[in-house]
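Trainee: File coords_0.csv below, CSV, C-alpha atoms and all ligand atoms:
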chain,number,residue,atom,x,y,z
A,1,MET,CA,-117.8,-41.2,99.2
A,2,LEU,CA,-118.4,-40.1,95.6
A,3,ALA,CA,-118.5,-36.3,95.0
A,4,TRP,CA,-121.7,-34.6,93.9
A,5,ASN,CA,-121.6,-32.0,91.2
A,6,PRO,CA,-124.1,-29.2,92.1
A,7,ALA,CA,-123.9,-27.6,88.6
A,8,LEU,CA,-124.8,-30.9,86.9
A,9,TYR,CA,-127.6,-31.5,89.4
A,10,ARG,CA,-129.0,-28.0,88.8
A,11,ARG,CA,-129.3,-28.6,85.1
A,12,TYR,CA,-132.8,-30.0,85.5
A,13,GLU,CA,-133.5,-28.1,88.7
A,14,ASP,CA,-137.1,-27.1,87.7
A,15,GLU,CA,-138.0,-30.7,87.1
A,16,ARG,CA,-136.3,-31.9,90.2
A,17,THR,CA,-137.9,-29.3,92.4
A,18,ARG,CA,-141.5,-29.9,91.2
A,19,PRO,CA,-141.9,-33.1,93.4
A,20,ALA,CA,-140.5,-31.1,96.4
A,21,ARG,CA,-143.2,-28.5,95.8
A,22,GLU,CA,-145.9,-31.1,95.5
A,23,LEU,CA,-144.7,-32.9,98.6
A,24,LEU,CA,-144.7,-29.7,100.6
A,25,GLY,CA,-148.2,-29.0,99.2
A,26,GLN,CA,-149.5,-32.0,101.2
A,27,VAL,CA,-147.8,-31.1,104.5
A,28,PRO,CA,-150.8,-30.1,106.6
A,29,LEU,CA,-148.9,-27.8,109.1
A,30,GLU,CA,-150.2,-24.3,109.7
A,31,SER,CA,-146.9,-23.2,111.2
A,32,ALA,CA,-143.6,-24.6,112.3
A,33,ARG,CA,-140.8,-23.5,114.6
A,34,ARG,CA,-138.1,-26.0,113.6
A,35,VAL,CA,-137.8,-27.5,110.1
A,36,TYR,CA,-135.0,-29.8,108.8
A,37,ASP,CA,-134.3,-30.4,105.1
A,38,LEU,CA,-132.4,-33.8,105.0
A,39,GLY,CA,-130.2,-34.2,101.9
A,40,CYS,CA,-130.8,-30.5,101.1
A,41,GLY,CA,-128.5,-30.6,98.0
A,42,PRO,CA,-127.9,-27.2,96.5
A,43,GLY,CA,-130.7,-25.7,98.6
A,44,ASN,CA,-133.6,-25.8,96.1
A,45,SER,CA,-135.8,-27.8,98.4
A,46,THR,CA,-134.7,-25.7,101.4
A,47,ALA,CA,-135.7,-22.5,99.6
A,48,LEU,CA,-139.3,-23.8,99.4
A,49,LEU,CA,-139.3,-24.6,103.1
A,50,ALA,CA,-138.0,-21.2,104.0
A,51,ALA,CA,-140.7,-19.5,101.9
A,52,ARG,CA,-143.5,-21.6,103.3
A,53,PHE,CA,-142.4,-21.2,107.0
A,54,PRO,CA,-140.8,-17.7,107.1
A,55,SER,CA,-140.8,-17.5,110.9
A,56,ALA,CA,-139.3,-21.1,111.4
A,57,ARG,CA,-135.7,-22.0,112.0
A,58,VAL,CA,-135.1,-23.9,108.8
A,59,ILE,CA,-131.9,-26.0,108.7
A,60,GLY,CA,-130.4,-27.9,105.7
A,61,LEU,CA,-128.3,-31.0,106.2
A,62,ASP,CA,-126.2,-32.8,103.7
A,63,ASN,CA,-123.0,-35.0,103.7
A,64,SER,CA,-121.6,-33.3,100.5
A,65,GLU,CA,-119.4,-30.3,101.0
A,66,SER,CA,-119.9,-29.2,97.4
A,67,MET,CA,-123.7,-29.3,97.8
A,68,LEU,CA,-123.5,-27.4,101.1
A,69,THR,CA,-121.3,-24.7,99.5
A,70,ALA,CA,-123.9,-24.2,96.7
A,71,ALA,CA,-126.7,-24.2,99.2
A,72,ARG,CA,-125.0,-21.5,101.4
A,73,GLU,CA,-124.4,-19.3,98.4
A,74,ARG,CA,-128.0,-19.6,97.4
A,75,LEU,CA,-129.5,-19.0,100.9
A,76,PRO,CA,-126.9,-17.1,103.1
A,77,GLN,CA,-129.4,-16.6,105.9
A,78,VAL,CA,-130.1,-20.4,106.3
A,79,PRO,CA,-127.8,-22.6,108.4
A,80,PHE,CA,-126.5,-25.6,106.5
A,81,GLU,CA,-124.8,-28.4,108.3
A,82,LEU,CA,-122.6,-31.3,107.4
A,83,ALA,CA,-124.3,-34.5,108.6
A,84,ASP,CA,-125.0,-38.1,107.6
A,85,MET,CA,-128.8,-38.3,107.7
A,86,GLY,CA,-128.6,-42.1,108.3
A,87,ARG,CA,-127.3,-41.4,111.8
A,88,TRP,CA,-128.6,-37.9,112.4
A,89,GLN,CA,-130.7,-37.1,115.5
A,90,PRO,CA,-132.2,-33.6,115.9
A,91,PRO,CA,-131.0,-31.7,119.0
A,92,GLU,CA,-134.6,-30.7,119.7
A,93,PRO,CA,-137.8,-32.3,118.3
A,94,PRO,CA,-138.6,-30.5,115.0
A,95,ASP,CA,-142.1,-29.8,113.6
A,96,LEU,CA,-141.1,-30.9,110.1
A,97,ILE,CA,-138.5,-33.3,108.8
A,98,PHE,CA,-138.5,-33.0,105.0
A,99,ALA,CA,-136.4,-35.2,102.7
A,100,ASN,CA,-136.9,-34.7,98.9
A,101,ALA,CA,-135.0,-37.1,96.6
A,102,ALA,CA,-132.6,-37.9,99.4
A,103,LEU,CA,-133.4,-41.0,101.6
A,104,GLN,CA,-133.1,-43.4,98.7
A,105,TRP,CA,-129.3,-43.1,99.3
A,106,VAL,CA,-129.5,-44.3,102.9
A,107,PRO,CA,-130.0,-48.0,103.8
A,108,ASP,CA,-132.2,-49.7,106.4
A,109,HIS,CA,-135.5,-47.7,106.0
A,110,ALA,CA,-137.2,-50.2,108.3
A,111,ALA,CA,-135.2,-48.7,111.2
A,112,LEU,CA,-134.6,-45.2,109.8
A,113,LEU,CA,-138.2,-44.0,109.0
A,114,PRO,CA,-139.7,-44.9,112.4
A,115,ARG,CA,-136.8,-43.3,114.1
A,116,LEU,CA,-137.3,-40.0,112.1
A,117,LEU,CA,-141.1,-40.1,112.9
A,118,ASP,CA,-140.4,-40.6,116.6
A,119,ALA,CA,-137.9,-37.7,116.6
A,120,LEU,CA,-140.6,-35.2,115.7
A,121,ALA,CA,-142.5,-32.9,118.1
A,122,PRO,CA,-146.0,-34.1,118.8
A,123,GLY,CA,-148.2,-33.4,115.7
A,124,GLY,CA,-145.1,-32.9,113.6
A,125,ALA,CA,-144.7,-34.1,110.0
A,126,LEU,CA,-142.3,-36.4,108.2
A,127,ALA,CA,-142.4,-35.7,104.5
A,128,ILE,CA,-140.5,-37.9,102.1
A,129,GLN,CA,-140.2,-38.2,98.3
A,130,MET,CA,-138.0,-40.8,96.7
A,131,PRO,CA,-137.4,-41.7,93.1
A,132,ASP,CA,-138.9,-45.2,92.5
A,133,ASN,CA,-137.3,-45.7,89.1
A,134,ARG,CA,-135.2,-48.8,89.4
A,135,ASP,CA,-137.3,-50.7,86.9
A,136,GLU,CA,-137.2,-47.9,84.3
A,137,PRO,CA,-134.9,-48.3,81.2
A,138,THR,CA,-132.6,-45.6,82.6
A,139,HIS,CA,-131.8,-47.6,85.7
A,140,ARG,CA,-132.1,-51.1,84.2
A,141,LEU,CA,-129.5,-50.1,81.5
A,142,MET,CA,-127.1,-48.7,84.0
A,143,ARG,CA,-127.0,-52.0,85.8
A,144,GLU,CA,-126.9,-54.0,82.6
A,145,ILE,CA,-123.8,-52.3,81.3
A,146,ALA,CA,-122.2,-52.3,84.7
A,147,ALA,CA,-122.4,-56.1,84.8
A,148,GLU,CA,-120.5,-56.4,81.5
A,149,ALA,CA,-116.7,-56.4,80.9
A,150,PRO,CA,-114.7,-54.3,81.2
A,151,TYR,CA,-116.8,-52.3,83.7
A,152,ALA,CA,-117.9,-55.0,86.1
A,153,GLN,CA,-114.5,-55.3,87.9
A,154,ALA,CA,-114.3,-51.5,88.6
A,155,ILE,CA,-117.9,-51.0,89.5
A,156,GLY,CA,-118.4,-54.1,91.6
A,157,ASP,CA,-121.7,-55.4,93.0
A,158,VAL,CA,-124.3,-53.0,91.5
A,159,SER,CA,-126.9,-54.2,94.1
A,160,LYS,CA,-124.9,-52.4,96.7
A,161,LEU,CA,-124.7,-49.0,94.9
A,162,ARG,CA,-128.1,-47.8,96.1
A,163,PRO,CA,-130.4,-49.5,98.7
A,164,GLU,CA,-133.6,-51.1,97.5
A,165,LEU,CA,-136.8,-49.2,98.4
A,166,LEU,CA,-139.3,-51.2,100.5
A,167,GLY,CA,-142.4,-50.7,98.4
A,168,LEU,CA,-145.5,-48.5,98.9
A,169,ALA,CA,-147.5,-50.9,101.0
A,170,ALA,CA,-144.5,-51.8,103.2
A,171,TYR,CA,-143.9,-48.1,103.9
A,172,TYR,CA,-147.5,-47.7,104.9
A,173,ASP,CA,-147.4,-50.8,107.2
A,174,LEU,CA,-144.1,-49.5,108.8
A,175,LEU,CA,-145.4,-46.0,109.6
A,176,ALA,CA,-149.2,-46.3,110.0
A,177,PRO,CA,-149.3,-48.1,113.4
A,178,ARG,CA,-147.2,-45.4,115.1
A,179,ALA,CA,-148.5,-42.3,113.1
A,180,ALA,CA,-151.6,-40.2,113.5
A,181,ARG,CA,-152.0,-40.3,109.7
A,182,VAL,CA,-150.1,-41.6,106.7
A,183,ASP,CA,-150.6,-40.1,103.3
A,184,ILE,CA,-148.7,-42.2,100.7
A,185,TRP,CA,-148.9,-42.0,96.9
A,186,ARG,CA,-146.9,-42.6,93.7
A,187,THR,CA,-146.7,-40.3,90.7
A,188,ILE,CA,-145.2,-41.0,87.3
A,189,TYR,CA,-143.8,-37.7,85.9
A,190,GLN,CA,-143.3,-37.6,82.1
A,191,HIS,CA,-140.4,-35.3,81.1
A,192,PRO,CA,-140.0,-34.4,77.4
A,193,MET,CA,-136.3,-34.6,76.8
A,194,ALA,CA,-134.5,-33.3,73.7
A,195,ASP,CA,-132.6,-36.6,73.0
A,196,ALA,CA,-130.8,-39.5,74.5
A,197,ARG,CA,-127.9,-37.3,75.5
A,198,ALA,CA,-130.3,-35.1,77.6
A,199,ILE,CA,-131.5,-38.2,79.5
A,200,VAL,CA,-127.9,-39.3,80.1
A,201,ASP,CA,-127.1,-35.7,81.4
A,202,TRP,CA,-130.1,-35.9,83.8
A,203,VAL,CA,-129.1,-39.2,85.4
A,204,ARG,CA,-125.4,-38.3,85.3
A,205,GLY,CA,-126.2,-35.8,88.0
A,206,THR,CA,-127.7,-38.4,90.3
A,207,GLY,CA,-128.3,-42.1,89.8
A,208,LEU,CA,-125.5,-42.7,87.3
A,209,ARG,CA,-122.8,-41.3,89.6
A,210,PRO,CA,-122.0,-44.4,91.5
A,211,PHE,CA,-121.6,-46.4,88.2
A,212,VAL,CA,-119.5,-43.9,86.3
A,213,ASP,CA,-117.4,-42.2,89.0
A,214,PRO,CA,-115.3,-45.3,89.9
A,215,LEU,CA,-114.2,-45.8,86.3
A,216,ALA,CA,-111.0,-44.5,84.8
A,217,PRO,CA,-111.6,-41.6,82.4
A,218,ASP,CA,-111.3,-43.7,79.2
A,219,LEU,CA,-113.7,-46.3,80.6
A,220,GLN,CA,-116.1,-43.5,81.7
A,221,ALA,CA,-116.2,-42.3,78.2
A,222,ARG,CA,-116.9,-45.8,76.8
A,223,TYR,CA,-119.5,-46.5,79.4
A,224,LEU,CA,-121.3,-43.3,78.8
A,225,SER,CA,-121.3,-43.7,75.0
A,226,GLU,CA,-122.6,-47.3,75.2
A,227,TYR,CA,-125.2,-46.1,77.8
A,228,GLU,CA,-126.4,-43.3,75.5
A,229,ARG,CA,-126.6,-45.7,72.6
A,230,ARG,CA,-128.9,-48.1,74.5
A,231,ILE,CA,-131.0,-45.2,75.9
A,232,GLY,CA,-131.5,-44.1,72.3
A,233,HIS,CA,-133.0,-47.5,71.6
A,234,ALA,CA,-135.1,-47.8,74.7
A,235,TYR,CA,-136.9,-44.4,74.4
A,236,CYS,CA,-138.6,-43.7,71.0
A,237,ALA,CA,-139.1,-40.3,69.6
A,238,ARG,CA,-142.6,-38.8,70.1
A,239,ALA,CA,-144.5,-36.7,67.6
A,240,ASP,CA,-142.4,-33.6,68.3
A,241,GLY,CA,-139.1,-35.6,68.1
A,242,ARG,CA,-138.6,-35.5,71.9
A,243,LEU,CA,-138.2,-38.5,74.2
A,244,LEU,CA,-140.6,-38.9,77.1
A,245,LEU,CA,-138.7,-39.8,80.3
A,246,ALA,CA,-141.1,-41.6,82.6
A,247,PHE,CA,-140.0,-40.9,86.2
A,248,PRO,CA,-142.0,-42.7,89.0
A,249,ARG,CA,-141.7,-41.1,92.4
A,250,LEU,CA,-143.0,-42.3,95.8
A,251,PHE,CA,-144.3,-39.7,98.3
A,252,ILE,CA,-145.0,-40.1,102.1
A,253,VAL,CA,-146.4,-37.6,104.6
A,254,ALA,CA,-146.7,-39.2,108.1
A,255,LEU,CA,-147.9,-37.2,111.0
A,256,ARG,CA,-146.7,-37.9,114.5
A,257,LYS,CA,-149.5,-38.4,117.1
A,258,PRO,CA,-150.3,-35.2,119.1
B,1,LIG,C1,-130.8,-35.8,94.7
B,1,LIG,S1,-130.1,-34.7,95.8
B,1,LIG,C2,-131.6,-33.9,96.5
B,1,LIG,C3,-131.4,-32.5,96.7
B,1,LIG,C4,-132.7,-31.7,97.1
B,1,LIG,N1,-133.2,-32.1,98.4
B,1,LIG,C5,-133.8,-31.6,96.1
B,1,LIG,O1,-134.9,-31.6,96.5
B,1,LIG,O2,-133.5,-31.6,94.8
B,1,LIG,C6,-129.7,-35.8,97.1
B,1,LIG,C7,-128.8,-35.2,98.2
B,1,LIG,O3,-128.7,-36.1,99.3
B,1,LIG,C8,-127.4,-36.0,99.8
B,1,LIG,N2,-127.1,-37.3,100.5
B,1,LIG,C9,-126.9,-38.5,100.1
B,1,LIG,N3,-126.6,-39.4,101.1
B,1,LIG,C10,-126.6,-38.6,102.2
B,1,LIG,C11,-126.4,-38.9,103.6
B,1,LIG,N4,-126.1,-40.2,104.0
B,1,LIG,N5,-126.5,-37.9,104.5
B,1,LIG,C12,-126.7,-36.6,104.1
B,1,LIG,N6,-126.9,-36.3,102.8
B,1,LIG,C13,-126.9,-37.3,101.9
B,1,LIG,C14,-126.5,-35.8,98.6
B,1,LIG,O4,-125.3,-35.2,98.9
B,1,LIG,C15,-127.4,-34.9,97.7
B,1,LIG,O5,-127.1,-33.5,98.0
Kindly return the structure encoded in the file as structure tokens.
Ligand SMILES: C[S@@+](CC[C@H](N)C(=O)[O-])C[C@H]1O[C@@H](n2cnc3c(N)ncnc32)[C@H](O)[C@@H]1O

Mentor:
Amino acid sequence: MLAWNPALYRRYEDERTRPARELLGQVPLESARRVYDLGCGPGNSTALLAARFPSARVIGLDNSESMLTAARERLPQVPFELADMGRWQPPEPPDLIFANAALQWVPDHAALLPRLLDALAPGGALAIQMPDNRDEPTHRLMREIAAEAPYAQAIGDVSKLRPELLGLAAYYDLLAPRAARVDIWRTIYQHPMADARAIVDWVRGTGLRPFVDPLAPDLQARYLSEYERRIGHAYCARADGRLLLAFPRLFIVALRKP
């Protein structure tokens, strides 16, 4: 498993936490006793959950020790556990399973999402946000360079680096027949970024990791410099000289039948 870098991830923490806040804003629970934050990362999404449900037992799960260490430092009163969310089963049915920017790393959503919904207490909520940015220049260019020599041999089959999302309508069809209600929407955020380097730094903390981390240091530097050059061509400067990073995200709030 490739290591996550909490410091790099936190560099754009405000921008990354905004979707978590907006997802939580659509969770229609008055109260909760047990809440899980799947793929809690450095605890930014967990902090929102702990503030919204102060009397709940909020638990963060992640499979990265470095992320868990950062989360424990940030929220010492919250239990954080090492777990693979692809296989995880709650010991008792929770009222809320929350996964912000996390489930896109786990395969087989057709089995996983119904299983998570069914694991909830009656009337509970499954709240998910996933980046839906594979067709954006940031992600198209990662794959494009990875398919070229000399990177292709080290990186391997790029289609295996992150599972494909199913698509908005398919997620609705998957959950609606077994849920009391499914609220699903897609938002395209527009982040003003200082320059191409800033866009590279953003994705270096997340989606670019599986492409760059397997490369030897000299190839990493070459890959990143070529990637930055192509990013500079793909995003043109706006009136203030900044580049607008379009970032589509898919949101789902599904309620378990009472
Ligand atoms: C992009 S971060 C999201 C962090 C936080 N939830 C937020 O809202 O910003 C994704 C997290 O998912 C975790 N993750 C990836 N695959 C996982 C898995 N199979 N099981 C548990 N956590 C996983 C990573 O370690 C990382 O901390």

Trainee: Residues of region 126-161 of chain A within 10 Å of region 222-236 of chain A: nearest atom pair and distance (Å, one decimal) for each, counting only C-alpha atoms, sorted by chain and number, as a tab-separated table?

Mentor:
residue	atom	partner	partner_atom	distance
A:Glu136	CA	A:Ala234	CA	9.8
A:Pro137	CA	A:Ala234	CA	6.5
A:Thr138	CA	A:Ile231	CA	6.9
A:Leu141	CA	A:Tyr227	CA	6.9
A:Met142	CA	A:Tyr227	CA	7.0
A:Glu144	CA	A:Tyr227	CA	9.4
A:Ile145	CA	A:Tyr227	CA	7.3
A:Ala146	CA	A:Tyr223	CA	8.3
A:Pro150	CA	A:Tyr223	CA	9.3
A:Tyr151	CA	A:Tyr223	CA	7.7

Trainee: Give me, as a list in words, all polymer residues having an atom no more than 10 Å from Arg21 (chain A), counting all atoms listed in the file and skipping those fewer than 3 positions away in the same chain.

Mentor: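 Skipping anything fewer than 3 positions along the chain leaves Arg16, Thr17, Arg18, Leu24, Gly25, Gln26, Asn44, Ser45, Leu48, Leu49 and Asn100 of chain A.
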
Trainee: Pick out the closest residue to ligand LIG 1 (chain B) from this set: A:Ala152, A:Leu215, A:Ile97, A:Ala239. Count only C-alpha atoms and all ligand atoms.

Mentor: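 Of A:Ala152, A:Leu215, A:Ile97, A:Ala239, the one nearest ligand LIG 1 (chain B) is A:Ile97, counting only C-alpha atoms and all ligand atoms.
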
Trainee: Identify which of the residues A:Asp37, A:Asp62, A:Glu81, A:Asp108 lies closest to ligand LIG 1 (chain B), counting only C-alpha atoms and all ligand atoms when measuring atom-to-atom distances.

Mentor: A:Asp62

Trainee: Set the cut-off to 6 Å, count all atoms listed in the file, and list whatever residues fall near ligand LIG 1 (chain B) as an mmCIF file with C-alpha atoms, in the coordinates of the input.

Mentor:
data_model
loop_
_atom_site.group_PDB
_atom_site.id
_atom_site.type_symbol
_atom_site.label_atom_id
_atom_site.label_comp_id
_atom_site.auth_asym_id
_atom_site.auth_seq_id
_atom_site.Cartn_x
_atom_site.Cartn_y
_atom_site.Cartn_z
ATOM 1 C CA ARG A 16 -136.300 -31.900 90.200
ATOM 2 C CA THR A 17 -137.900 -29.300 92.400
ATOM 3 C CA ALA A 20 -140.500 -31.100 96.400
ATOM 4 C CA GLY A 39 -130.200 -34.200 101.900
ATOM 5 C CA CYS A 40 -130.800 -30.500 101.100
ATOM 6 C CA GLY A 41 -128.500 -30.600 98.000
ATOM 7 C CA ASN A 44 -133.600 -25.800 96.100
ATOM 8 C CA SER A 45 -135.800 -27.800 98.400
ATOM 9 C CA ASP A 62 -126.200 -32.800 103.700
ATOM 10 C CA ASN A 63 -123.000 -35.000 103.700
ATOM 11 C CA SER A 64 -121.600 -33.300 100.500
ATOM 12 C CA MET A 67 -123.700 -29.300 97.800
ATOM 13 C CA ALA A 83 -124.300 -34.500 108.600
ATOM 14 C CA ASP A 84 -125.000 -38.100 107.600
ATOM 15 C CA MET A 85 -128.800 -38.300 107.700
ATOM 16 C CA GLY A 86 -128.600 -42.100 108.300
ATOM 17 C CA ASN A 100 -136.900 -34.700 98.900
ATOM 18 C CA ALA A 101 -135.000 -37.100 96.600
ATOM 19 C CA ALA A 102 -132.600 -37.900 99.400
ATOM 20 C CA TRP A 105 -129.300 -43.100 99.300
ATOM 21 C CA VAL A 106 -129.500 -44.300 102.900
ATOM 22 C CA THR A 206 -127.700 -38.400 90.300
#

Trainee: Interatomic distance between CA of Ala125 (chain A) and CA of Ala246 (chain A)?

Mentor: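 Taking CA of Ala125 (chain A) as the start and CA of Ala246 (chain A) as the end point, the length is 28.6 Å.
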